[in-house]
Each structure stands twice: as C-alpha cells, then as structure tokens.
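I have placed the structure first, in the form of structure tokens, so that the comments after it can refer back to it.
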Amino acid sequence: MLKILVIEDDELIRETIKQLLESHSYRVIAAENGRVGVQVALSDLPDLILCDVQMPELDGYEVLRTLRQNSLAATIPFIFLTAQGAKADFRRGMELGADDYLTKPFTKLELLGAISSRVSKRQTITQPLTEALQQAEARLNYLVNDSATANVVSPEKLALEALLRRALAQGEFQVYYQPQVDITNGKIIGAEALVRWQNPDRGIISPADFIPLAEETGLIIPIGEWVLLSACAQAASWISAGFSPFRISVNLSARQLSDPKIAERIVQILEATGLEPANLELEMTESALVDNASVAGATLNQLKALGIRIAIDDFGTGYATLGYLKQFAFDTLKIDRIFVRNANEDAQNSAITTAVILLGHSLNMTVIAEGVETKAELAFLEQNKCDIMQGYLFSRPEPAPVFENLLHLGKPLFEAPRSTVSPRIIPFVSLSEREKSEKPAVPVQASANGRSAR
Ligand code: C2E
Ligand code: MG
Ligand code: MG
C-alpha cells in the first residue's frame, strides 16, 4: 500500500484529503505543520508528499529545501498545494525541486491524477533505500561529534534522529554496568547503568554523543524507559541470584523529570521487574533540576515517597548547587570526577573534594566519588571518609555478562585499607531473606525489542 504524507496546517483540508486518499487505498500520514512534516518524512520515508506552501514557522518551501538536502528523503516525489496561482510562487517551488503543483481548490480527479503520475515516474528512478541509509550513516561520523549543531534543526540532525528511532525499534541499545564499590572493604554494593548505542556500522557510540539530541527530540523518554526497564530487570535478577545488598543507579534526564507520567511509569517498571524501590537509585544533575524546578520537585517527592533513593550527579559542575541541596532532600551526592582527579596532589581539587564530602555527610547523604582512576586518589578518598567509589581503577562500565563475572568472583576490587579510618555506616537497605525467596526470576538483559541481548 502506498504511503502518502500530507503536510497541511488547515485541519479541514488535511482531513478531507486524508479521507479521500484512504478511500482510494492509500495509507495516509498527516502532519499539522512543516516541522512535524519534515520529521515524519525522515522517519517514515513516505512514497509521496503533498505539502501546503503557506504555513507558519516552516513553510512549504523550507520543508522542500530541507528534504531535498537529505539523502534519505531527496527523491520522494513532492507536490505543492497552494491557494496562490501566482507564477512566481509556481516557479520558486519548481526551482527548489518540486515535482508538481496543485492550486486550491482542486478536484478529486486532479489530485488522484497528479499522485498516480508522480508515483509511476518514481518507480523508474527509485534510489535504493539501503544506499540512502548508508549515506546517512556515513554522516554520523561528523554529526555525532558536532555540538555546534545542537540547537539548530538541520537535515543532518533529523537524519540522526531517524537513525535513533530505528536504533530503538531494532534493539541497538545496550546497558553497561559500572561497579560502585564500598570504600571500607572493596566490595561491589551496586552499579550504575549506562546506556550504549551499538550501531551496526560504527560500533559502540557513547551516550555523550547521542543523549543531547535524544533529549532535544524527546526520544530520551522511550530510550530512558527502556534503560530503566532493562536495568531494573537485571538488578532484580542479580539480587534474586543472591547478590545482595545490591543497588542499581539509573540516570534520569531533564526531559524525563518533566514528564508528568514518570513516577507512574517507574512504579509499573518496579512491579513488572519485582525490584524493591529501596534497591533503585535515580541520578539527576543539577541542570536537569534547574530546567524544570517545579515539576521536578513534585516528581522527586513522589519518587522519594515510594522509597526510591535520589542522587545528585556530577555535583559541583552545575549551578545553584547549595540552594538545590536545601530544597531537595537527596540521599546521595556524587562528586564529579573533575574534582576527584588528582585530588591527592592538586591543592584545589583536594580542598573541594574534602569540603564536599564533609558537606554531604553533614546533610546526612551518602557520598560517592566518580572517576577514581589511581591508587593515590583512592587513598585520599579513604582518608577523607568518602563512602562509595566508582571509576576505571576498579572497572570500566561493562556489558551485563562481564559485570556478572565480577559479582561471581566476589573478590574485593581493591585491597581493604589498613588505615585508621573508622568505617562509616552506609544507610543501605537490603532485602530480608523472606523477600528474596519470594522474588520471581527475571529474564536477564531484555533488549529494546524484547529479544535477549545475550
Ligand atoms: P554520568 O552519569 O556522570 O556517568 C559517569 C560517566 O563517567 C560514564 O560515562 C562513565 O563511563 C564515566 N567514568 C566512570 N569512571 C570513569 C573514570 O575512572 N574515568 C573516566 N574518564 N570516566 C569514567 P558515559 O557512560 O560515557 O556516560 C556519560 C554520561 O551520559 C553520564 O554521565 C550520564 O550523564 C549520561 N548517561 C549515560 N547513560 C544514560 C542513560 O541511560 N540515561 C541518561 N539520561 N543519561 C545517561
Ligand atoms: Mg550518573
Ligand atoms: Mg556523574
């Protein structure tokens, strides 16, 4: 069945065309403005596009210009719909590469005739989709690193967005796990879940390269939900296998925090996976909170009331830090690795890290040091009574099976200190034996499309 995209801001006209085409066995996707139209064109790759010229924001000419620059959509037949019969407009559209032009009001026969003539021509000039996709993927090389494009809607960004959608649909995301280590004995007491994109052509793509766009386009909502579901299922499975106490930390983005349904979804995920709320910690950055202060505050209170722990991530790299510590009762404070780096010898980092640990403890928070890479940093953190550590010194983030090996080995990830430091008691809730035995076994590492990633 041929797929036709109708981009038209006038609802009556849009719906009339849709009904007419559907009654002639076309599949119709309707877009109410140019921006949505471009996104749908790139993600759904219709067989033909009917597009109004006069639209606010992104008009028909801009839609056409954008699509013609994109290897995925460049050859889709494009028919302008306009109320204007002016020759200049007609010429402008054709110069930009439109295939045809219908002046409103047009008859049913004119519309159907224009469509069938364009569709049959297309069949003789079809560019294979795989070739177009390859070109789009080749662009990833520079796109994913091009932060300059972060706030501009460009054809390249839209192509990347289409690839992200495809990645989600085809199960290309994976969750890696990085151990969190108890400073008093070197044992793993939890893990941070970190998403990775396993692109078929480019290999592993790190979150820093695609989370900002996922955030901007809203795709972070389904991606983040999938990460939560996978990580909670995995943690529940490890706990029921006897690795306890164990807590899983999952990052929540600004967009997720402002989603009014997030608390409800998290409850559903906990119920579906059998993970106890006390075994889940949600990490958020100061900037994510600043972006949505009122909604985020309400969401945080709901999540805390459920017994889920909340961590402030990358502490000290955002703004309004101290005010936010007062406003939100965080359970955990994660010191960013820029302060942990060389804290043993860099006077400024030493002062900041020491002060932040004291601050966290005096506000009754568990303190985690991120990015611990050297034994000297570890010794410094022990001396200063940090609670938990995370970093390459112990392990990089690893796929679930590799992380699980570490759990099975059960060895401390560093030699327990012989220092005079008295261990701080970490407020950690473990499951009772009864709760553990009641827990259902949970499939390990579900992937986005429900297939097992192992
Ligand atoms: P983050 O939450 O602060 O995660 C810690 C980052 O530090 C991870 O980078 C981790 O691989 C890296 N790291 C850990 N130990 C060391 C170390 O010793 N040295 C160095 N140089 N780096 C270390 P990663 O996995 O690339 O993630 C980057 C950021 O992307 C994360 O920072 C987080 O903000 C975001 N992110 C990752 N996964 C997700 C996710 O599922 N959802 C959301 N919303 N954001 C995510
Ligand atoms: Mg984090
Ligand atoms: Mg962090």
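Residue names in the structure tokens use chain letters A, B, ... in the order shown, residue numbers from 1 in each chain, and ligand numbers from 1 in the order shown.
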Nearby polymer residues, ligand 1, at most 7 Å, only C-alpha atoms and all ligand atoms, as a list in words =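 My answer, listing the contacting residues, is Ala193, Leu194, Val195, Ser206, Pro207, Ala208, Ile211, Ile220, Gly224, Val227, Val250, Asn251, Leu252, Ser253, Asp313, Asp314, Glu370, Gly371, Val372, Glu373, Gln390, Gly391, Tyr392, Leu393, Arg396 and Pro397 of chain A.
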The selected residues should be written to file as a tab-separated table (two decimals), in the first residue's frame (atoms: C-alpha atoms).
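See out14.tsv below for the written result:
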```
chain	number	residue	atom	x	y	z
A	193	ALA	CA	23.54	1.61	34.47
A	194	LEU	CA	25.00	3.44	31.46
A	195	VAL	CA	23.42	3.26	28.03
A	206	SER	CA	28.81	6.72	23.80
A	207	PRO	CA	25.85	8.47	25.42
A	208	ALA	CA	27.56	11.86	25.36
A	211	ILE	CA	21.82	11.79	24.61
A	220	ILE	CA	15.07	10.23	25.59
A	224	GLY	CA	15.28	6.21	29.16
A	227	VAL	CA	17.17	1.66	30.14
A	250	VAL	CA	19.92	4.85	36.72
A	251	ASN	CA	20.35	8.32	35.19
A	252	LEU	CA	17.24	10.45	34.65
A	253	SER	CA	17.42	13.32	32.18
A	313	ASP	CA	25.01	13.57	39.93
A	314	ASP	CA	28.11	15.47	38.74
A	370	GLU	CA	33.15	9.39	40.47
A	371	GLY	CA	36.03	8.73	38.10
A	372	VAL	CA	38.52	7.24	40.56
A	373	GLU	CA	41.47	6.25	38.40
A	390	GLN	CA	33.25	4.38	41.09
A	391	GLY	CA	35.97	4.54	38.47
A	392	TYR	CA	38.28	2.87	36.00
A	393	LEU	CA	40.59	1.87	38.87
A	396	ARG	CA	35.06	0.35	33.36
A	397	PRO	CA	31.34	0.10	32.55
```
Hey, which residues come within 10 Å of ligand 3 if we count only C-alpha atoms and all ligand atoms? Could you give them as number ranges by chain?
-> A: 192, 251, 283-285, 311-315, 317, 333-338, 368-371, 390
Residue selection dump (N, CA, C and O atoms) as a PDB file, in the first residue's frame:
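The resulting out05.pdb:
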```pdb
ATOM      1  N   GLU A 192      26.152   1.451  38.420  1.00  0.00           N
ATOM      2  CA  GLU A 192      25.454   2.482  37.649  1.00  0.00           C
ATOM      3  C   GLU A 192      25.178   1.910  36.263  1.00  0.00           C
ATOM      4  O   GLU A 192      26.060   1.316  35.632  1.00  0.00           O
ATOM      5  N   ASN A 251      20.380   6.872  35.445  1.00  0.00           N
ATOM      6  CA  ASN A 251      20.349   8.324  35.194  1.00  0.00           C
ATOM      7  C   ASN A 251      18.992   8.758  34.658  1.00  0.00           C
ATOM      8  O   ASN A 251      18.424   8.113  33.777  1.00  0.00           O
ATOM      9  N   GLU A 283      19.618   8.957  39.412  1.00  0.00           N
ATOM     10  CA  GLU A 283      20.612  10.031  39.411  1.00  0.00           C
ATOM     11  C   GLU A 283      20.122  11.172  38.536  1.00  0.00           C
ATOM     12  O   GLU A 283      19.654  10.940  37.427  1.00  0.00           O
ATOM     13  N   MET A 284      20.251  12.375  39.051  1.00  0.00           N
ATOM     14  CA  MET A 284      19.902  13.525  38.216  1.00  0.00           C
ATOM     15  C   MET A 284      20.907  14.641  38.448  1.00  0.00           C
ATOM     16  O   MET A 284      21.476  14.746  39.529  1.00  0.00           O
ATOM     17  N   THR A 285      21.109  15.452  37.419  1.00  0.00           N
ATOM     18  CA  THR A 285      22.087  16.532  37.561  1.00  0.00           C
ATOM     19  C   THR A 285      21.388  17.801  38.021  1.00  0.00           C
ATOM     20  O   THR A 285      20.169  17.929  37.916  1.00  0.00           O
ATOM     21  N   ALA A 311      19.833  10.562  43.845  1.00  0.00           N
ATOM     22  CA  ALA A 311      21.222  11.035  43.918  1.00  0.00           C
ATOM     23  C   ALA A 311      21.392  12.294  43.086  1.00  0.00           C
ATOM     24  O   ALA A 311      20.775  12.431  42.027  1.00  0.00           O
ATOM     25  N   ILE A 312      22.209  13.209  43.575  1.00  0.00           N
ATOM     26  CA  ILE A 312      22.574  14.354  42.744  1.00  0.00           C
ATOM     27  C   ILE A 312      23.909  14.015  42.073  1.00  0.00           C
ATOM     28  O   ILE A 312      24.882  13.681  42.730  1.00  0.00           O
ATOM     29  N   ASP A 313      23.884  14.040  40.748  1.00  0.00           N
ATOM     30  CA  ASP A 313      25.011  13.569  39.928  1.00  0.00           C
ATOM     31  C   ASP A 313      25.905  14.749  39.545  1.00  0.00           C
ATOM     32  O   ASP A 313      25.444  15.896  39.504  1.00  0.00           O
ATOM     33  N   ASP A 314      27.156  14.458  39.234  1.00  0.00           N
ATOM     34  CA  ASP A 314      28.106  15.470  38.741  1.00  0.00           C
ATOM     35  C   ASP A 314      28.114  16.698  39.654  1.00  0.00           C
ATOM     36  O   ASP A 314      28.158  17.843  39.172  1.00  0.00           O
ATOM     37  N   PHE A 315      28.037  16.455  40.943  1.00  0.00           N
ATOM     38  CA  PHE A 315      27.874  17.574  41.875  1.00  0.00           C
ATOM     39  C   PHE A 315      28.990  18.606  41.710  1.00  0.00           C
ATOM     40  O   PHE A 315      30.170  18.261  41.643  1.00  0.00           O
ATOM     41  N   THR A 317      29.278  20.749  39.182  1.00  0.00           N
ATOM     42  CA  THR A 317      29.529  21.217  37.812  1.00  0.00           C
ATOM     43  C   THR A 317      28.372  22.052  37.280  1.00  0.00           C
ATOM     44  O   THR A 317      28.462  22.655  36.226  1.00  0.00           O
ATOM     45  N   LEU A 333      25.128  11.976  47.180  1.00  0.00           N
ATOM     46  CA  LEU A 333      25.793  13.063  46.463  1.00  0.00           C
ATOM     47  C   LEU A 333      26.969  12.446  45.701  1.00  0.00           C
ATOM     48  O   LEU A 333      27.806  11.782  46.301  1.00  0.00           O
ATOM     49  N   LYS A 334      27.007  12.657  44.399  1.00  0.00           N
ATOM     50  CA  LYS A 334      28.119  12.122  43.603  1.00  0.00           C
ATOM     51  C   LYS A 334      29.062  13.262  43.224  1.00  0.00           C
ATOM     52  O   LYS A 334      28.660  14.194  42.503  1.00  0.00           O
ATOM     53  N   ILE A 335      30.289  13.174  43.703  1.00  0.00           N
ATOM     54  CA  ILE A 335      31.267  14.238  43.399  1.00  0.00           C
ATOM     55  C   ILE A 335      31.785  13.992  41.986  1.00  0.00           C
ATOM     56  O   ILE A 335      32.250  12.895  41.670  1.00  0.00           O
ATOM     57  N   ASP A 336      31.729  15.009  41.173  1.00  0.00           N
ATOM     58  CA  ASP A 336      32.145  14.850  39.776  1.00  0.00           C
ATOM     59  C   ASP A 336      33.637  14.543  39.680  1.00  0.00           C
ATOM     60  O   ASP A 336      34.440  14.982  40.501  1.00  0.00           O
ATOM     61  N   ARG A 337      33.966  13.799  38.612  1.00  0.00           N
ATOM     62  CA  ARG A 337      35.370  13.369  38.507  1.00  0.00           C
ATOM     63  C   ARG A 337      36.343  14.508  38.241  1.00  0.00           C
ATOM     64  O   ARG A 337      37.528  14.363  38.498  1.00  0.00           O
ATOM     65  N   ILE A 338      35.850  15.655  37.788  1.00  0.00           N
ATOM     66  CA  ILE A 338      36.815  16.756  37.596  1.00  0.00           C
ATOM     67  C   ILE A 338      37.409  17.197  38.948  1.00  0.00           C
ATOM     68  O   ILE A 338      38.504  17.726  38.999  1.00  0.00           O
ATOM     69  N   ILE A 368      29.452   9.556  47.012  1.00  0.00           N
ATOM     70  CA  ILE A 368      30.122   8.692  46.026  1.00  0.00           C
ATOM     71  C   ILE A 368      31.131   9.540  45.252  1.00  0.00           C
ATOM     72  O   ILE A 368      30.791  10.635  44.788  1.00  0.00           O
ATOM     73  N   ALA A 369      32.345   9.034  45.107  1.00  0.00           N
ATOM     74  CA  ALA A 369      33.334   9.719  44.265  1.00  0.00           C
ATOM     75  C   ALA A 369      33.308   9.069  42.894  1.00  0.00           C
ATOM     76  O   ALA A 369      33.386   7.850  42.774  1.00  0.00           O
ATOM     77  N   GLU A 370      33.193   9.910  41.843  1.00  0.00           N
ATOM     78  CA  GLU A 370      33.155   9.392  40.467  1.00  0.00           C
ATOM     79  C   GLU A 370      34.536   9.490  39.847  1.00  0.00           C
ATOM     80  O   GLU A 370      35.322  10.370  40.202  1.00  0.00           O
ATOM     81  N   GLY A 371      34.806   8.614  38.912  1.00  0.00           N
ATOM     82  CA  GLY A 371      36.027   8.726  38.101  1.00  0.00           C
ATOM     83  C   GLY A 371      37.308   8.489  38.872  1.00  0.00           C
ATOM     84  O   GLY A 371      38.318   9.158  38.620  1.00  0.00           O
ATOM     85  N   GLN A 390      33.553   4.899  42.422  1.00  0.00           N
ATOM     86  CA  GLN A 390      33.248   4.383  41.095  1.00  0.00           C
ATOM     87  C   GLN A 390      34.379   4.875  40.205  1.00  0.00           C
ATOM     88  O   GLN A 390      34.770   6.034  40.316  1.00  0.00           O
TER      89      GLN A 390
END
```
Write out as a VMD selection string the residues lying within 10 Å of Ile76 of chain A, counting only C-alpha atoms and excluding same-chain residues fewer than 6 positions away.
-> chain A and resid 41 45 to 49 67 to 68 98 to 99 118 to 119 122 126 to 127
Please dump the current selection as a compact mmCIF listing (two decimals), in the first residue's frame; keep all heavy atoms.
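Result file selection_2.txt:
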```txt
# COMPACT_ATOMS: atom_id res chain seq x y z
N ALA A 41 8.63 12.76 7.55
CA ALA A 41 9.17 12.36 6.24
C ALA A 41 10.46 11.57 6.43
O ALA A 41 10.69 10.56 5.77
CB ALA A 41 9.42 13.59 5.38
N LEU A 45 9.71 7.84 5.75
CA LEU A 45 10.04 7.77 4.32
C LEU A 45 8.83 7.40 3.45
O LEU A 45 8.76 6.29 2.91
CB LEU A 45 11.19 6.77 4.09
CG LEU A 45 12.50 7.15 4.76
CD1 LEU A 45 13.55 6.06 4.60
CD2 LEU A 45 13.03 8.46 4.23
N PRO A 46 7.88 8.34 3.33
CA PRO A 46 6.68 8.04 2.54
C PRO A 46 7.00 7.92 1.05
O PRO A 46 8.09 8.30 0.61
CB PRO A 46 5.79 9.27 2.80
CG PRO A 46 6.74 10.36 3.13
CD PRO A 46 7.90 9.71 3.84
N ASP A 47 6.02 7.43 0.29
CA ASP A 47 6.22 7.29 -1.15
C ASP A 47 5.97 8.59 -1.89
O ASP A 47 6.41 8.75 -3.04
CB ASP A 47 5.30 6.20 -1.70
CG ASP A 47 5.62 4.86 -1.07
OD1 ASP A 47 6.71 4.34 -1.37
OD2 ASP A 47 4.82 4.36 -0.26
N LEU A 48 5.23 9.49 -1.25
CA LEU A 48 4.92 10.77 -1.89
C LEU A 48 4.53 11.77 -0.81
O LEU A 48 3.97 11.39 0.22
CB LEU A 48 3.78 10.58 -2.89
CG LEU A 48 3.35 11.79 -3.71
CD1 LEU A 48 3.08 11.38 -5.16
CD2 LEU A 48 2.09 12.44 -3.16
N ILE A 49 4.82 13.05 -1.08
CA ILE A 49 4.46 14.08 -0.10
C ILE A 49 3.58 15.14 -0.77
O ILE A 49 3.91 15.63 -1.85
CB ILE A 49 5.72 14.76 0.48
CG1 ILE A 49 6.57 13.73 1.24
CG2 ILE A 49 5.34 15.92 1.41
CD1 ILE A 49 7.93 14.24 1.68
N LEU A 67 14.20 18.69 2.81
CA LEU A 67 14.15 17.29 2.39
C LEU A 67 15.06 17.02 1.19
O LEU A 67 15.67 15.97 1.08
CB LEU A 67 12.71 16.89 2.07
CG LEU A 67 11.76 16.90 3.29
CD1 LEU A 67 10.36 16.48 2.88
CD2 LEU A 67 12.27 15.98 4.38
N ARG A 68 15.16 18.00 0.31
CA ARG A 68 15.98 17.79 -0.88
C ARG A 68 17.47 17.71 -0.54
O ARG A 68 18.27 17.20 -1.29
CB ARG A 68 15.75 18.91 -1.91
CG ARG A 68 14.39 18.80 -2.62
CD ARG A 68 14.29 17.53 -3.46
NE ARG A 68 13.05 17.42 -4.21
CZ ARG A 68 12.09 16.53 -3.96
NH1 ARG A 68 12.21 15.67 -2.97
NH2 ARG A 68 10.99 16.47 -4.70
N ALA A 98 10.34 20.84 -6.64
CA ALA A 98 9.02 20.20 -6.52
C ALA A 98 8.72 19.43 -7.81
O ALA A 98 9.22 19.77 -8.88
CB ALA A 98 7.96 21.27 -6.30
N ASP A 99 7.91 18.40 -7.68
CA ASP A 99 7.59 17.59 -8.85
C ASP A 99 6.31 18.05 -9.52
O ASP A 99 6.10 17.85 -10.71
CB ASP A 99 7.44 16.12 -8.43
CG ASP A 99 8.77 15.57 -7.94
OD1 ASP A 99 9.60 15.24 -8.78
OD2 ASP A 99 8.98 15.52 -6.71
N ARG A 118 2.94 10.89 -10.57
CA ARG A 118 4.22 11.02 -9.86
C ARG A 118 4.73 9.67 -9.37
O ARG A 118 5.90 9.36 -9.43
CB ARG A 118 4.09 11.95 -8.64
CG ARG A 118 4.01 13.38 -8.98
CD ARG A 118 5.20 13.81 -9.78
NE ARG A 118 4.75 14.58 -10.94
CZ ARG A 118 5.50 14.85 -11.99
NH1 ARG A 118 6.72 14.40 -12.07
NH2 ARG A 118 5.02 15.54 -13.00
N VAL A 119 3.80 8.87 -8.84
CA VAL A 119 4.21 7.59 -8.27
C VAL A 119 4.76 6.68 -9.36
O VAL A 119 5.79 6.03 -9.19
CB VAL A 119 3.03 6.92 -7.52
CG1 VAL A 119 3.35 5.48 -7.19
CG2 VAL A 119 2.73 7.70 -6.25
N ARG A 122 8.21 7.74 -10.25
CA ARG A 122 9.19 7.41 -9.21
C ARG A 122 9.71 5.98 -9.35
O ARG A 122 10.87 5.70 -9.10
CB ARG A 122 8.57 7.58 -7.82
CG ARG A 122 9.49 7.11 -6.68
CD ARG A 122 8.93 7.60 -5.38
NE ARG A 122 9.50 7.02 -4.20
CZ ARG A 122 10.65 7.37 -3.64
NH1 ARG A 122 11.41 8.26 -4.23
NH2 ARG A 122 11.05 6.83 -2.52
N THR A 126 13.82 5.01 -8.76
CA THR A 126 13.97 4.74 -7.33
C THR A 126 15.42 4.56 -6.92
O THR A 126 16.15 3.78 -7.51
CB THR A 126 13.21 3.46 -6.95
OG1 THR A 126 11.90 3.61 -7.40
CG2 THR A 126 13.20 3.26 -5.45
N GLN A 127 15.81 5.30 -5.92
CA GLN A 127 17.15 5.12 -5.37
C GLN A 127 17.03 4.10 -4.25
O GLN A 127 16.18 4.25 -3.39
CB GLN A 127 17.62 6.46 -4.80
CG GLN A 127 19.01 6.40 -4.24
CD GLN A 127 19.34 7.69 -3.51
OE1 GLN A 127 18.46 8.49 -3.25
NE2 GLN A 127 20.58 7.85 -3.17
```
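When only C-alpha atoms and all ligand atoms are used to compute distances to ligand 2, the closest of the residues A:Ile310, A:Leu219, A:Leu300, A:Leu81 turns out to be A:Ile310.
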Distance of atom CA of Asp331 of chain A from atom CA of Asn279 of chain A, expressed in Å to one decimal place |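 Interatomic distance here is 12.7 Å.
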Coordinates-based distance that separates atom CA of Ala191 of chain A from atom CA of Gln178 of chain A (Å, one decimal) | 5.2 Å
Distance of atom CA of Ile308 of chain A from atom CA of Leu282 of chain A, expressed in Å to one decimal place |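 Atom-to-atom, atom CA of Leu282 of chain A and atom CA of Ile308 of chain A are spaced 7.5 Å apart.
Nearest to Thr273 of chain A of all the residues A:Arg309, A:Pro245, A:Gln234, A:Phe78 is A:Gln234, based on only C-alpha atoms.
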How would you write, as an NGL selection string, the set of residues in segment 197-361 of chain A that DSSP gives as strand (DSSP E)?
-> :A and (197-199 or 203-205 or 247-251 or 280-285 or 309-315 or 332-335)
What residues in segment 181-321 of chain A get the DSSP label alpha helix (DSSP H)? Please answer as a PyMOL selection string.
-> chain A and resi 207-217+220-240+254-257+262-273+286-291+293-305+321
Check the smallest atom-to-atom distance from each of A:Thr354, A:Glu281, A:Asp346, A:Asp44 to ligand 2 using only C-alpha atoms and all ligand atoms, then report the winner.
-> A:Glu281
Quick one: residues within 10 Å of Asn384 of chain A, only C-alpha atoms counted, chain neighbours fewer than 5 positions away excluded, as a PyMOL selection string?
-> chain A and resi 350+353-355+357-358+378-379+421
For the selection just defined, write its residues with C-alpha atoms to a file, as an mmCIF file, in the first residue's frame.
```
data_model
loop_
_atom_site.group_PDB
_atom_site.id
_atom_site.type_symbol
_atom_site.label_atom_id
_atom_site.label_comp_id
_atom_site.auth_asym_id
_atom_site.auth_seq_id
_atom_site.Cartn_x
_atom_site.Cartn_y
_atom_site.Cartn_z
ATOM 1 C CA SER A 350 41.850 18.359 47.357
ATOM 2 C CA THR A 353 36.641 17.159 47.428
ATOM 3 C CA THR A 354 37.280 17.296 51.178
ATOM 4 C CA ALA A 355 34.723 20.045 51.633
ATOM 5 C CA ILE A 357 32.483 15.031 51.464
ATOM 6 C CA LEU A 358 32.015 16.955 54.713
ATOM 7 C CA LEU A 378 41.662 6.030 46.395
ATOM 8 C CA ALA A 379 43.943 6.568 49.403
ATOM 9 C CA VAL A 421 39.830 5.339 59.237
#
```
Fewer than 2 positions away in the same chain doesn't count, so skip those; otherwise give me all residues within 9 Å of segment 101-106 of chain A, counting only C-alpha atoms, as an MDAnalysis selection string.
-> chainID A and resid 78:85 90 93:94 98:99 108:111 114
Using only C-alpha atoms, the best pick from A:Leu168, A:Leu96, A:Val63, A:Val28 as closest to Pro222 of chain A would be A:Leu168
Counting only C-alpha atoms and all ligand atoms, figure out which residue out of A:Asn292, A:Ser362, A:Ser249, A:Thr217 gets nearest to ligand 2.
->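 Going through A:Asn292, A:Ser362, A:Ser249, A:Thr217 one by one, the smallest distance to ligand 2 is for A:Ser249.
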Long-range neighbours of Gln198 of chain A as a list in words, 8 Å cut-off, only C-alpha atoms, 6 positions minimum in chain =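 In the requested form, the answer reads Glu172, Phe173, Gln174, Ile204 and Ile205 of chain A.
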Since we have the selection now, will you write its residues out, keeping N, CA and C atoms, as an mmCIF file, in the first residue's frame?
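After the write, again-v6.cif holds the following:
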```cif
data_model
loop_
_atom_site.group_PDB
_atom_site.id
_atom_site.type_symbol
_atom_site.label_atom_id
_atom_site.label_comp_id
_atom_site.auth_asym_id
_atom_site.auth_seq_id
_atom_site.Cartn_x
_atom_site.Cartn_y
_atom_site.Cartn_z
ATOM 1 N N GLU A 172 19.110 -1.655 19.182
ATOM 2 C CA GLU A 172 20.555 -1.413 19.096
ATOM 3 C C GLU A 172 21.137 -0.833 20.384
ATOM 4 N N PHE A 173 20.265 -0.561 21.379
ATOM 5 C CA PHE A 173 20.798 -0.031 22.632
ATOM 6 C C PHE A 173 21.147 -1.164 23.585
ATOM 7 N N GLN A 174 22.146 -0.893 24.399
ATOM 8 C CA GLN A 174 22.565 -1.863 25.406
ATOM 9 C C GLN A 174 22.803 -1.121 26.703
ATOM 10 N N ILE A 204 30.238 0.826 19.027
ATOM 11 C CA ILE A 204 29.650 1.420 20.227
ATOM 12 C C ILE A 204 29.722 2.946 20.179
ATOM 13 N N ILE A 205 28.569 3.591 20.353
ATOM 14 C CA ILE A 205 28.542 5.058 20.410
ATOM 15 C C ILE A 205 28.208 5.458 21.841
#
```
Option closest in space to ligand 2, from A:Gln54, A:Gln180, A:Gln327, A:Ser258 [counting only C-alpha atoms and all ligand atoms] =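 Residue with the minimum atom-to-atom distance to ligand 2: A:Gln180.
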Test item: residues at most 8 Å from Phe394 of chain A, only C-alpha atoms, excluding those fewer than 6 positions along its chain, as a list in words |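 Result of the neighbour search: Pro179, Val181, Glu373, Leu413 and Phe414 of chain A.
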For the selection just defined, write its residues with all heavy atoms to a file, as a PDB file, in the first residue's frame.
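Written output follows (part_31.pdb):
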```pdb
ATOM      1  N   PRO A 179      30.665  -0.919  38.381  1.00  0.00           N
ATOM      2  CA  PRO A 179      30.503  -1.193  39.807  1.00  0.00           C
ATOM      3  C   PRO A 179      30.631   0.047  40.679  1.00  0.00           C
ATOM      4  O   PRO A 179      31.410   0.951  40.372  1.00  0.00           O
ATOM      5  CB  PRO A 179      31.650  -2.162  40.125  1.00  0.00           C
ATOM      6  CG  PRO A 179      32.452  -2.320  38.913  1.00  0.00           C
ATOM      7  CD  PRO A 179      31.812  -1.586  37.790  1.00  0.00           C
ATOM      8  N   VAL A 181      31.688   0.724  44.551  1.00  0.00           N
ATOM      9  CA  VAL A 181      32.492  -0.071  45.472  1.00  0.00           C
ATOM     10  C   VAL A 181      32.487   0.549  46.866  1.00  0.00           C
ATOM     11  O   VAL A 181      32.695   1.755  47.026  1.00  0.00           O
ATOM     12  CB  VAL A 181      33.947  -0.121  44.929  1.00  0.00           C
ATOM     13  CG1 VAL A 181      34.851  -0.890  45.870  1.00  0.00           C
ATOM     14  CG2 VAL A 181      33.962  -0.747  43.551  1.00  0.00           C
ATOM     15  N   GLU A 373      40.602   6.932  39.365  1.00  0.00           N
ATOM     16  CA  GLU A 373      41.468   6.248  38.399  1.00  0.00           C
ATOM     17  C   GLU A 373      42.780   5.771  38.991  1.00  0.00           C
ATOM     18  O   GLU A 373      43.445   4.921  38.407  1.00  0.00           O
ATOM     19  CB  GLU A 373      41.748   7.174  37.206  1.00  0.00           C
ATOM     20  CG  GLU A 373      40.512   7.443  36.365  1.00  0.00           C
ATOM     21  CD  GLU A 373      40.822   8.192  35.074  1.00  0.00           C
ATOM     22  OE1 GLU A 373      41.967   8.618  34.881  1.00  0.00           O
ATOM     23  OE2 GLU A 373      39.888   8.356  34.267  1.00  0.00           O
ATOM     24  N   LEU A 413      37.389  -5.286  45.022  1.00  0.00           N
ATOM     25  CA  LEU A 413      38.020  -4.702  43.844  1.00  0.00           C
ATOM     26  C   LEU A 413      39.282  -3.902  44.189  1.00  0.00           C
ATOM     27  O   LEU A 413      39.922  -3.353  43.316  1.00  0.00           O
ATOM     28  CB  LEU A 413      37.011  -3.842  43.081  1.00  0.00           C
ATOM     29  CG  LEU A 413      35.846  -4.621  42.465  1.00  0.00           C
ATOM     30  CD1 LEU A 413      35.002  -3.744  41.572  1.00  0.00           C
ATOM     31  CD2 LEU A 413      36.324  -5.831  41.673  1.00  0.00           C
ATOM     32  N   PHE A 414      39.591  -3.827  45.461  1.00  0.00           N
ATOM     33  CA  PHE A 414      40.914  -3.322  45.870  1.00  0.00           C
ATOM     34  C   PHE A 414      41.158  -3.877  47.262  1.00  0.00           C
ATOM     35  O   PHE A 414      40.229  -4.344  47.926  1.00  0.00           O
ATOM     36  CB  PHE A 414      40.980  -1.781  45.869  1.00  0.00           C
ATOM     37  CG  PHE A 414      40.098  -1.122  46.896  1.00  0.00           C
ATOM     38  CD1 PHE A 414      40.577  -0.802  48.159  1.00  0.00           C
ATOM     39  CD2 PHE A 414      38.771  -0.817  46.596  1.00  0.00           C
ATOM     40  CE1 PHE A 414      39.750  -0.184  49.094  1.00  0.00           C
ATOM     41  CE2 PHE A 414      37.951  -0.199  47.520  1.00  0.00           C
ATOM     42  CZ  PHE A 414      38.445   0.115  48.782  1.00  0.00           C
TER      43      PHE A 414
END
```
